[in-house]
Amino acid sequence: MLGQHKSTVKFYLDTSIWLDIIEKRGYHGEIAKQLMEKIILGGHEIVYSDVILKELKDLGYAQDDLYTIISIIKRKTQRVHKNDDQIAEAKKRAKQRNIPYGDVLHAVIARDNEAQLISRDQDFLKLKDIAKVQRPEDII
């Protein structure tokens with residue numbers, strides 16, 4: 001799936017995957033690191049959003065924690081921003097499905113940026129009709 005393709009595939013990593021990398025969380029951290037390497041070496045792109053930056057900040061991380069990682073892979077990243085339509089859709093779907101708003105917002109942003117959503121969070125399984133969701137292990 002992640003071999004040398006002529007077209008670039010985009011991946012949107014959920015906040016928990018970024019935390020696996022930043023915190024070097026044992027097995028999950030190692031898998032997340034391998035995934036990131038495979039994406040970069042395969043010539044693909046990692047999409048991240050202002051929502052991820054806010055969630056990391058809310059957890060006590062400075063933006064520099066994420067920017068340190070991003071600076072290493074700068075050419076292969078794309079920062080995107082949420083918009084009012086995405087916010088409204090996420091709020092509506094979160095309420096309908098009883099899923100955290102932030103999870104739905106990540107799925108909507110990934111979909112709108114034609115990126116595969118990477119997460120281990122079980123709530124994302126309820127969002128497969130919005131975005132293609134895979135675990136890091138499914139890709140490496």
# chains A, B, ... in the order shown; residues from 1 in each chain; ligands from 1
>>> residues_around(residues="segment 74-89 of chain A", least_positions_apart="5", cutoff="6 Å", atoms="only C-alpha atoms", output="tab-separated table (two decimals) with N, CA and C atoms, in the first residue's frame")
chain	number	residue	atom	x	y	z
A	45	GLU	N	2.51	12.11	2.09
A	45	GLU	CA	2.39	13.35	2.85
A	45	GLU	C	1.60	13.16	4.13
A	46	ILE	N	2.00	13.88	5.18
A	46	ILE	CA	1.29	13.88	6.45
A	46	ILE	C	0.56	15.22	6.57
A	47	VAL	N	-0.74	15.14	6.77
A	47	VAL	CA	-1.58	16.33	6.94
A	47	VAL	C	-1.83	16.48	8.44
A	48	TYR	N	-1.65	17.68	8.95
A	48	TYR	CA	-1.99	17.95	10.35
A	48	TYR	C	-2.79	19.24	10.40
A	49	SER	N	-3.57	19.38	11.45
A	49	SER	CA	-4.49	20.53	11.53
A	49	SER	C	-4.26	21.36	12.77
A	50	ASP	N	-4.86	22.53	12.74
A	50	ASP	CA	-4.83	23.40	13.91
A	50	ASP	C	-5.55	22.72	15.08
>>> residues_around(residues="Ile130 of chain A", least_positions_apart="6", cutoff="8 Å", atoms="only C-alpha atoms", output="ChimeraX atom specification")
/A:107-108,111
>>> write_last_selection(atoms="C-alpha atoms", output="PDB file, in the first residue's frame")
ATOM      1  CA  ALA A 107     -12.574  12.617  10.507  1.00  0.00           C
ATOM      2  CA  VAL A 108     -14.238  15.483   8.617  1.00  0.00           C
ATOM      3  CA  ARG A 111     -12.056  13.519   4.452  1.00  0.00           C
TER       4      ARG A 111
END
>>> select_by_dssp(residues="chain A", states="strand (DSSP E)", output="PDB file with N, CA and C atoms, in the first residue's frame")
ATOM      1  N   LYS A  10      -2.118  10.950   1.095  1.00  0.00           N
ATOM      2  CA  LYS A  10      -2.079  11.803   2.276  1.00  0.00           C
ATOM      3  C   LYS A  10      -2.584  11.026   3.489  1.00  0.00           C
ATOM      4  N   PHE A  11      -1.930  11.276   4.641  1.00  0.00           N
ATOM      5  CA  PHE A  11      -2.301  10.636   5.889  1.00  0.00           C
ATOM      6  C   PHE A  11      -2.510  11.700   6.948  1.00  0.00           C
ATOM      7  N   TYR A  12      -3.604  11.586   7.671  1.00  0.00           N
ATOM      8  CA  TYR A  12      -3.921  12.487   8.771  1.00  0.00           C
ATOM      9  C   TYR A  12      -3.795  11.679  10.056  1.00  0.00           C
ATOM     10  N   LEU A  13      -2.779  11.979  10.856  1.00  0.00           N
ATOM     11  CA  LEU A  13      -2.528  11.242  12.089  1.00  0.00           C
ATOM     12  C   LEU A  13      -3.330  11.849  13.234  1.00  0.00           C
ATOM     13  N   GLU A  45       2.510  12.106   2.092  1.00  0.00           N
ATOM     14  CA  GLU A  45       2.395  13.352   2.848  1.00  0.00           C
ATOM     15  C   GLU A  45       1.602  13.159   4.134  1.00  0.00           C
ATOM     16  N   ILE A  46       2.001  13.878   5.175  1.00  0.00           N
ATOM     17  CA  ILE A  46       1.285  13.884   6.448  1.00  0.00           C
ATOM     18  C   ILE A  46       0.557  15.221   6.572  1.00  0.00           C
ATOM     19  N   VAL A  47      -0.745  15.142   6.768  1.00  0.00           N
ATOM     20  CA  VAL A  47      -1.577  16.327   6.943  1.00  0.00           C
ATOM     21  C   VAL A  47      -1.835  16.478   8.445  1.00  0.00           C
ATOM     22  N   TYR A  48      -1.647  17.684   8.950  1.00  0.00           N
ATOM     23  CA  TYR A  48      -1.994  17.953  10.349  1.00  0.00           C
ATOM     24  C   TYR A  48      -2.786  19.239  10.404  1.00  0.00           C
ATOM     25  N   SER A  49      -3.573  19.383  11.453  1.00  0.00           N
ATOM     26  CA  SER A  49      -4.486  20.530  11.528  1.00  0.00           C
ATOM     27  C   SER A  49      -4.257  21.361  12.774  1.00  0.00           C
ATOM     28  N   THR A  77       4.881  17.558   4.862  1.00  0.00           N
ATOM     29  CA  THR A  77       3.737  17.864   5.719  1.00  0.00           C
ATOM     30  C   THR A  77       2.909  18.981   5.109  1.00  0.00           C
ATOM     31  N   GLN A  78       1.655  19.001   5.493  1.00  0.00           N
ATOM     32  CA  GLN A  78       0.751  20.058   5.059  1.00  0.00           C
ATOM     33  C   GLN A  78      -0.135  20.426   6.239  1.00  0.00           C
ATOM     34  N   ARG A  79      -0.109  21.698   6.629  1.00  0.00           N
ATOM     35  CA  ARG A  79      -0.984  22.156   7.711  1.00  0.00           C
ATOM     36  C   ARG A  79      -2.293  22.638   7.099  1.00  0.00           C
ATOM     37  N   VAL A  80      -3.394  22.194   7.688  1.00  0.00           N
ATOM     38  CA  VAL A  80      -4.710  22.599   7.226  1.00  0.00           C
ATOM     39  C   VAL A  80      -5.475  23.206   8.397  1.00  0.00           C
ATOM     40  N   ALA A 115      -7.384  12.657   2.887  1.00  0.00           N
ATOM     41  CA  ALA A 115      -6.330  11.977   3.647  1.00  0.00           C
ATOM     42  C   ALA A 115      -6.911  10.779   4.393  1.00  0.00           C
ATOM     43  N   GLN A 116      -6.123   9.737   4.502  1.00  0.00           N
ATOM     44  CA  GLN A 116      -6.517   8.584   5.309  1.00  0.00           C
ATOM     45  C   GLN A 116      -6.269   8.934   6.769  1.00  0.00           C
ATOM     46  N   LEU A 117      -7.241   8.650   7.603  1.00  0.00           N
ATOM     47  CA  LEU A 117      -7.138   8.945   9.030  1.00  0.00           C
ATOM     48  C   LEU A 117      -6.486   7.764   9.735  1.00  0.00           C
ATOM     49  N   ILE A 118      -5.433   8.047  10.502  1.00  0.00           N
ATOM     50  CA  ILE A 118      -4.725   7.007  11.239  1.00  0.00           C
ATOM     51  C   ILE A 118      -4.985   7.209  12.730  1.00  0.00           C
ATOM     52  N   VAL A 133     -10.444   5.011   7.816  1.00  0.00           N
ATOM     53  CA  VAL A 133      -9.738   4.962   9.093  1.00  0.00           C
ATOM     54  C   VAL A 133      -8.933   3.667   9.161  1.00  0.00           C
ATOM     55  N   GLN A 134      -7.667   3.801   9.542  1.00  0.00           N
ATOM     56  CA  GLN A 134      -6.812   2.637   9.710  1.00  0.00           C
ATOM     57  C   GLN A 134      -5.941   2.809  10.944  1.00  0.00           C
TER      58      GLN A 134
END
>>> residues_around(residues="Arg97 of chain A", least_positions_apart="3", cutoff="10 Å", atoms="only C-alpha atoms", output="list in words")
Lys92, Arg93, Ala94, Pro100, Tyr101, Val104, Asp123, Lys126 and Leu127 of chain A
>>> atom_distance(atom1="atom CA of Arg135 of chain A", atom2="atom CA of Arg120 of chain A")
5.4 Å
>>> closest_residue(among="A:Lys128, A:Ile17, A:Lys54, A:Lys95", to="Met36 of chain A", atoms="only C-alpha atoms")
A:Ile17
>>> residues_around(residues="Glu30 of chain A", least_positions_apart="4", cutoff="8 Å", atoms="only C-alpha atoms", output="PDB file with N, CA and C atoms, in the first residue's frame")
ATOM      1  N   ASP A  20       2.051   9.283  20.676  1.00  0.00           N
ATOM      2  CA  ASP A  20       2.874   8.065  20.679  1.00  0.00           C
ATOM      3  C   ASP A  20       4.307   8.406  20.273  1.00  0.00           C
ATOM      4  N   ILE A  21       4.446   9.283  19.287  1.00  0.00           N
ATOM      5  CA  ILE A  21       5.776   9.669  18.788  1.00  0.00           C
ATOM      6  C   ILE A  21       6.474  10.599  19.780  1.00  0.00           C
ATOM      7  N   LYS A  24       7.275   8.847  22.969  1.00  0.00           N
ATOM      8  CA  LYS A  24       7.999   7.571  22.763  1.00  0.00           C
ATOM      9  C   LYS A  24       7.345   6.464  23.579  1.00  0.00           C
ATOM     10  N   ARG A  25       6.054   6.268  23.324  1.00  0.00           N
ATOM     11  CA  ARG A  25       5.223   5.348  24.095  1.00  0.00           C
ATOM     12  C   ARG A  25       5.447   3.877  23.734  1.00  0.00           C
ATOM     13  N   GLY A  26       6.559   3.334  24.098  1.00  0.00           N
ATOM     14  CA  GLY A  26       6.813   1.901  23.947  1.00  0.00           C
ATOM     15  C   GLY A  26       6.469   1.360  22.576  1.00  0.00           C
ATOM     16  N   GLN A  34       7.683   4.048  12.912  1.00  0.00           N
ATOM     17  CA  GLN A  34       7.856   3.257  11.682  1.00  0.00           C
ATOM     18  C   GLN A  34       6.870   3.713  10.609  1.00  0.00           C
TER      19      GLN A  34
END
>>> closest_residue(among="A:Ile139, A:Leu41, A:Ala90, A:Ile22", to="Tyr67 of chain A", atoms="only C-alpha atoms")
A:Ile22
>>> residues_around(residues="Thr8 of chain A", least_positions_apart="3", cutoff="9 Å", atoms="only C-alpha atoms", output="number ranges by chain")
A: 5, 42-45
>>> atom_distance(atom1="atom CA of Thr68 of chain A", atom2="atom CA of Gly102 of chain A")
23.7 Å
>>> select_by_dssp(residues="segment 26-113 of chain A", states="helix (DSSP H, G or I)", output="MDAnalysis selection string")
chainID A and resid 26:41 50:58 63:72 74:76 84:97 101:112
>>> write_last_selection(atoms="C-alpha atoms", output="compact mmCIF listing (two decimals), in the first residue's frame")
# COMPACT_ATOMS: atom_id res chain seq x y z
CA GLY A 26 6.81 1.90 23.95
CA TYR A 27 5.33 -0.39 21.30
CA HIS A 28 2.81 2.20 20.07
CA GLY A 29 5.54 4.83 19.82
CA GLU A 30 7.76 2.48 17.83
CA ILE A 31 4.93 1.57 15.44
CA ALA A 32 4.01 5.26 14.99
CA LYS A 33 7.65 6.09 14.24
CA GLN A 34 7.86 3.26 11.68
CA LEU A 35 4.63 4.47 10.09
CA MET A 36 5.95 8.02 9.78
CA GLU A 37 9.20 6.76 8.24
CA LYS A 38 7.30 4.60 5.75
CA ILE A 39 5.07 7.54 4.75
CA ILE A 40 8.06 9.85 4.22
CA LEU A 41 10.27 7.31 2.45
CA ASP A 50 -4.83 23.40 13.91
CA VAL A 51 -7.15 21.07 15.86
CA ILE A 52 -4.23 18.73 16.59
CA LEU A 53 -2.07 21.66 17.69
CA LYS A 54 -4.84 22.84 20.05
CA GLU A 55 -5.35 19.37 21.52
CA LEU A 56 -1.62 19.02 22.18
CA LYS A 57 -1.56 22.48 23.78
CA ASP A 58 -4.56 21.54 25.95
CA GLN A 63 3.64 23.78 19.75
CA ASP A 64 7.41 23.37 19.62
CA ASP A 65 6.97 19.70 20.58
CA LEU A 66 5.08 19.07 17.35
CA TYR A 67 7.11 21.52 15.30
CA THR A 68 10.31 19.70 16.26
CA ILE A 69 8.98 16.57 14.58
CA ILE A 70 7.50 18.48 11.67
CA SER A 71 10.75 20.36 11.02
CA ILE A 72 12.48 17.04 10.39
CA LYS A 74 8.94 19.59 6.62
CA ARG A 75 8.73 18.88 2.91
CA LYS A 76 6.26 16.08 3.49
CA ASP A 84 -17.16 26.72 9.81
CA ASP A 85 -18.84 24.04 7.67
CA GLN A 86 -16.59 21.34 9.15
CA ILE A 87 -17.29 22.56 12.67
CA ALA A 88 -21.07 22.52 12.08
CA GLU A 89 -20.99 19.06 10.52
CA ALA A 90 -18.81 17.67 13.31
CA LYS A 91 -21.09 19.08 16.04
CA LYS A 92 -24.18 17.61 14.36
CA ARG A 93 -22.67 14.16 13.77
CA ALA A 94 -21.08 14.03 17.23
CA LYS A 95 -24.47 14.62 18.83
CA GLN A 96 -26.24 12.13 16.52
CA ARG A 97 -23.70 9.36 17.14
CA TYR A 101 -16.82 16.22 18.80
CA GLY A 102 -13.03 16.36 18.37
CA ASP A 103 -12.95 12.84 16.91
CA VAL A 104 -15.66 13.68 14.40
CA LEU A 105 -13.88 16.92 13.50
CA HIS A 106 -10.64 15.01 12.79
CA ALA A 107 -12.57 12.62 10.51
CA VAL A 108 -14.24 15.48 8.62
CA ILE A 109 -10.93 17.33 8.17
CA ALA A 110 -9.24 14.14 6.95
CA ARG A 111 -12.06 13.52 4.45
CA ASP A 112 -12.06 17.08 3.16
>>> atom_distance(atom1="atom CA of Asp121 of chain A", atom2="atom CA of Trp18 of chain A")
12.9 Å
